[in-house]
Amino acid sequence: MPYRTDGFTALADPTRRAIFERLAERPSAVGELAGEVPVSRPAVSQHLKVLKAAGLVVDQADGTRRIYQLDPDGVDALRGYLDQFWSQALTAFKRAVEHDNEEQR
C-alpha cells in the first residue's frame with residue numbers, strides 16, 4: 001500500500017509549500033524546481049512524492065523528464081474543506097447581526 005498523507009500535512013513543510021506554490025504558477029520538472037528552492041534535486045523529488053501521495057500534484061512523462069503540476073481535484077478537496085468553515089462563519093455572522101438588530105428594536 002502506498003504512503004498516503006493529507007494535503008494540510010503535506011503543506012505544513014515550508015519547502016514543500018514553496019514547491020506547491022511554484023507549481024501553481026506553472027508546471028515544472030524536478031530540475032527546474034530544484035533551481036528555485038534551496039534544496040537538492042533528490043530532496044525536491046522526495047517533496048514531490050509527498051505532495052503526490054497527498055493528491056495535490058500529478059505528473060506526466062515528457063521524454064526522460066517528469067513534469068509536475070497541481071492536481072485540480074486535490075486542490076479542490078482542500079478548498080472544499082476550508083469552504084465549510086467559511087460558510088459556518090458567514091452564517092454565524094448573519095445570526096449575530098440579526099440578533100443585534102432585533103435587540104435594537
# chains A, B, ... in the order shown; residues from 1 in each chain; ligands from 1

call {"tool": "select_by_dssp", "arguments": {"residues": "chain A", "states": "strand (DSSP E or B)", "output": "list in words"}}
result
Ser28, Ala29, Val57, Val58, Asp59, Gln60, Ala61, Asp62, Arg65, Arg66, Ile67, Tyr68, Gln69 and Leu70 of chain A

call {"tool": "closest_atom_pairs", "arguments": {"of": "segment 3-52 of chain A", "to": "segment 69-82 of chain A", "cutoff": "9 Å", "atoms": "only C-alpha atoms", "output": "tab-separated table"}}
result
residue	atom	partner	partner_atom	distance
A:Gly7	CA	A:Leu78	CA	6.9
A:Phe8	CA	A:Leu78	CA	7.8
A:Phe20	CA	A:Leu70	CA	7.4
A:Leu23	CA	A:Gln69	CA	5.5
A:Ala24	CA	A:Leu70	CA	6.3
A:Arg26	CA	A:Gln69	CA	7.0
A:Pro27	CA	A:Gln69	CA	4.5
A:Ser28	CA	A:Gln69	CA	6.7
A:Ala29	CA	A:Gln69	CA	8.9
A:Lys52	CA	A:Asp71	CA	8.6

call {"tool": "select_by_dssp", "arguments": {"residues": "chain A", "states": "alpha helix (DSSP H)", "output": "ChimeraX atom specification"}}
result
/A:7-11,14-25,30-34,41-53,72-104

call {"tool": "atom_distance", "arguments": {"atom1": "atom CA of Leu51 of chain A", "atom2": "atom CA of Ala10 of chain A"}}
result
6.0 Å

call {"tool": "decode", "arguments": {"residues": "segment 61-76 of chain A", "atoms": "all heavy atoms", "output": "compact mmCIF listing (two decimals), in the first residue's frame"}}
result
# COMPACT_ATOMS: atom_id res chain seq x y z
N ALA A 61 4.95 12.03 -18.09
CA ALA A 61 6.23 11.88 -18.76
C ALA A 61 6.37 12.87 -19.90
O ALA A 61 5.40 13.14 -20.62
CB ALA A 61 6.38 10.45 -19.28
N ASP A 62 7.57 13.41 -20.03
CA ASP A 62 7.93 14.28 -21.15
C ASP A 62 9.34 13.89 -21.55
O ASP A 62 10.31 14.46 -21.05
CB ASP A 62 7.86 15.75 -20.73
CG ASP A 62 8.21 16.70 -21.87
OD1 ASP A 62 7.95 16.35 -23.04
OD2 ASP A 62 8.76 17.79 -21.58
N GLY A 63 9.44 12.87 -22.38
CA GLY A 63 10.75 12.31 -22.71
C GLY A 63 11.32 11.63 -21.49
O GLY A 63 10.67 10.77 -20.89
N THR A 64 12.50 12.03 -21.07
CA THR A 64 13.13 11.43 -19.89
C THR A 64 12.77 12.17 -18.60
O THR A 64 13.17 11.76 -17.53
CB THR A 64 14.66 11.42 -20.04
OG1 THR A 64 15.11 12.76 -20.21
CG2 THR A 64 15.09 10.57 -21.21
N ARG A 65 12.05 13.25 -18.73
CA ARG A 65 11.68 14.04 -17.56
C ARG A 65 10.23 13.76 -17.15
O ARG A 65 9.45 13.25 -17.94
CB ARG A 65 11.78 15.56 -17.85
CG ARG A 65 13.11 16.00 -18.33
CD ARG A 65 13.21 17.48 -18.60
NE ARG A 65 12.01 18.08 -19.18
CZ ARG A 65 11.69 19.37 -19.07
NH1 ARG A 65 12.49 20.19 -18.43
NH2 ARG A 65 10.60 19.86 -19.62
N ARG A 66 9.91 14.13 -15.94
CA ARG A 66 8.54 14.10 -15.47
C ARG A 66 8.16 15.54 -15.16
O ARG A 66 8.89 16.26 -14.51
CB ARG A 66 8.40 13.24 -14.21
CG ARG A 66 8.90 11.84 -14.49
CD ARG A 66 8.11 10.70 -13.96
NE ARG A 66 6.70 10.64 -14.09
CZ ARG A 66 6.03 10.04 -15.09
NH1 ARG A 66 6.68 9.50 -16.09
NH2 ARG A 66 4.72 9.97 -15.09
N ILE A 67 7.02 15.93 -15.69
CA ILE A 67 6.52 17.29 -15.47
C ILE A 67 5.42 17.21 -14.41
O ILE A 67 4.47 16.44 -14.55
CB ILE A 67 5.96 17.90 -16.77
CG1 ILE A 67 7.04 17.88 -17.88
CG2 ILE A 67 5.45 19.31 -16.53
CD1 ILE A 67 8.28 18.67 -17.58
N TYR A 68 5.59 18.02 -13.37
CA TYR A 68 4.63 18.05 -12.27
C TYR A 68 3.74 19.27 -12.38
O TYR A 68 4.18 20.34 -12.80
CB TYR A 68 5.38 18.07 -10.92
CG TYR A 68 6.06 16.76 -10.64
CD1 TYR A 68 7.32 16.49 -11.17
CD2 TYR A 68 5.45 15.79 -9.86
CE1 TYR A 68 7.95 15.27 -10.93
CE2 TYR A 68 6.07 14.57 -9.61
CZ TYR A 68 7.31 14.33 -10.15
OH TYR A 68 7.93 13.12 -9.91
N GLN A 69 2.49 19.09 -11.99
CA GLN A 69 1.55 20.21 -11.95
C GLN A 69 0.55 19.94 -10.83
O GLN A 69 0.43 18.82 -10.35
CB GLN A 69 0.84 20.39 -13.28
CG GLN A 69 -0.03 19.22 -13.68
CD GLN A 69 -0.60 19.41 -15.07
OE1 GLN A 69 0.00 20.03 -15.94
NE2 GLN A 69 -1.78 18.87 -15.29
N LEU A 70 -0.16 20.99 -10.43
CA LEU A 70 -1.16 20.82 -9.39
C LEU A 70 -2.28 19.91 -9.88
O LEU A 70 -2.65 19.94 -11.05
CB LEU A 70 -1.75 22.16 -8.98
CG LEU A 70 -0.81 23.16 -8.32
CD1 LEU A 70 -1.61 24.34 -7.78
CD2 LEU A 70 0.02 22.54 -7.22
N ASP A 71 -2.80 19.11 -8.98
CA ASP A 71 -3.96 18.27 -9.29
C ASP A 71 -5.20 19.06 -8.88
O ASP A 71 -5.43 19.29 -7.69
CB ASP A 71 -3.87 16.96 -8.50
CG ASP A 71 -5.02 16.02 -8.81
OD1 ASP A 71 -6.06 16.47 -9.35
OD2 ASP A 71 -4.88 14.82 -8.51
N PRO A 72 -5.99 19.51 -9.85
CA PRO A 72 -7.17 20.33 -9.52
C PRO A 72 -8.12 19.64 -8.54
O PRO A 72 -8.73 20.30 -7.70
CB PRO A 72 -7.85 20.56 -10.86
CG PRO A 72 -6.83 20.26 -11.90
CD PRO A 72 -5.87 19.28 -11.29
N ASP A 73 -8.25 18.32 -8.62
CA ASP A 73 -9.15 17.60 -7.72
C ASP A 73 -8.66 17.68 -6.27
O ASP A 73 -9.44 17.88 -5.35
CB ASP A 73 -9.31 16.15 -8.15
CG ASP A 73 -10.03 16.00 -9.48
OD1 ASP A 73 -10.81 16.92 -9.83
OD2 ASP A 73 -9.81 14.99 -10.17
N GLY A 74 -7.36 17.52 -6.08
CA GLY A 74 -6.79 17.58 -4.74
C GLY A 74 -6.89 18.98 -4.15
O GLY A 74 -7.21 19.15 -2.97
N VAL A 75 -6.61 19.98 -4.97
CA VAL A 75 -6.70 21.37 -4.51
C VAL A 75 -8.16 21.70 -4.20
O VAL A 75 -8.46 22.36 -3.19
CB VAL A 75 -6.11 22.33 -5.56
CG1 VAL A 75 -6.33 23.77 -5.17
CG2 VAL A 75 -4.62 22.05 -5.75
N ASP A 76 -9.06 21.22 -5.02
CA ASP A 76 -10.49 21.46 -4.79
C ASP A 76 -10.95 20.81 -3.49
O ASP A 76 -11.79 21.37 -2.77
CB ASP A 76 -11.31 20.95 -5.98
CG ASP A 76 -12.74 21.42 -5.92
OD1 ASP A 76 -12.96 22.64 -5.70
OD2 ASP A 76 -13.65 20.59 -6.11
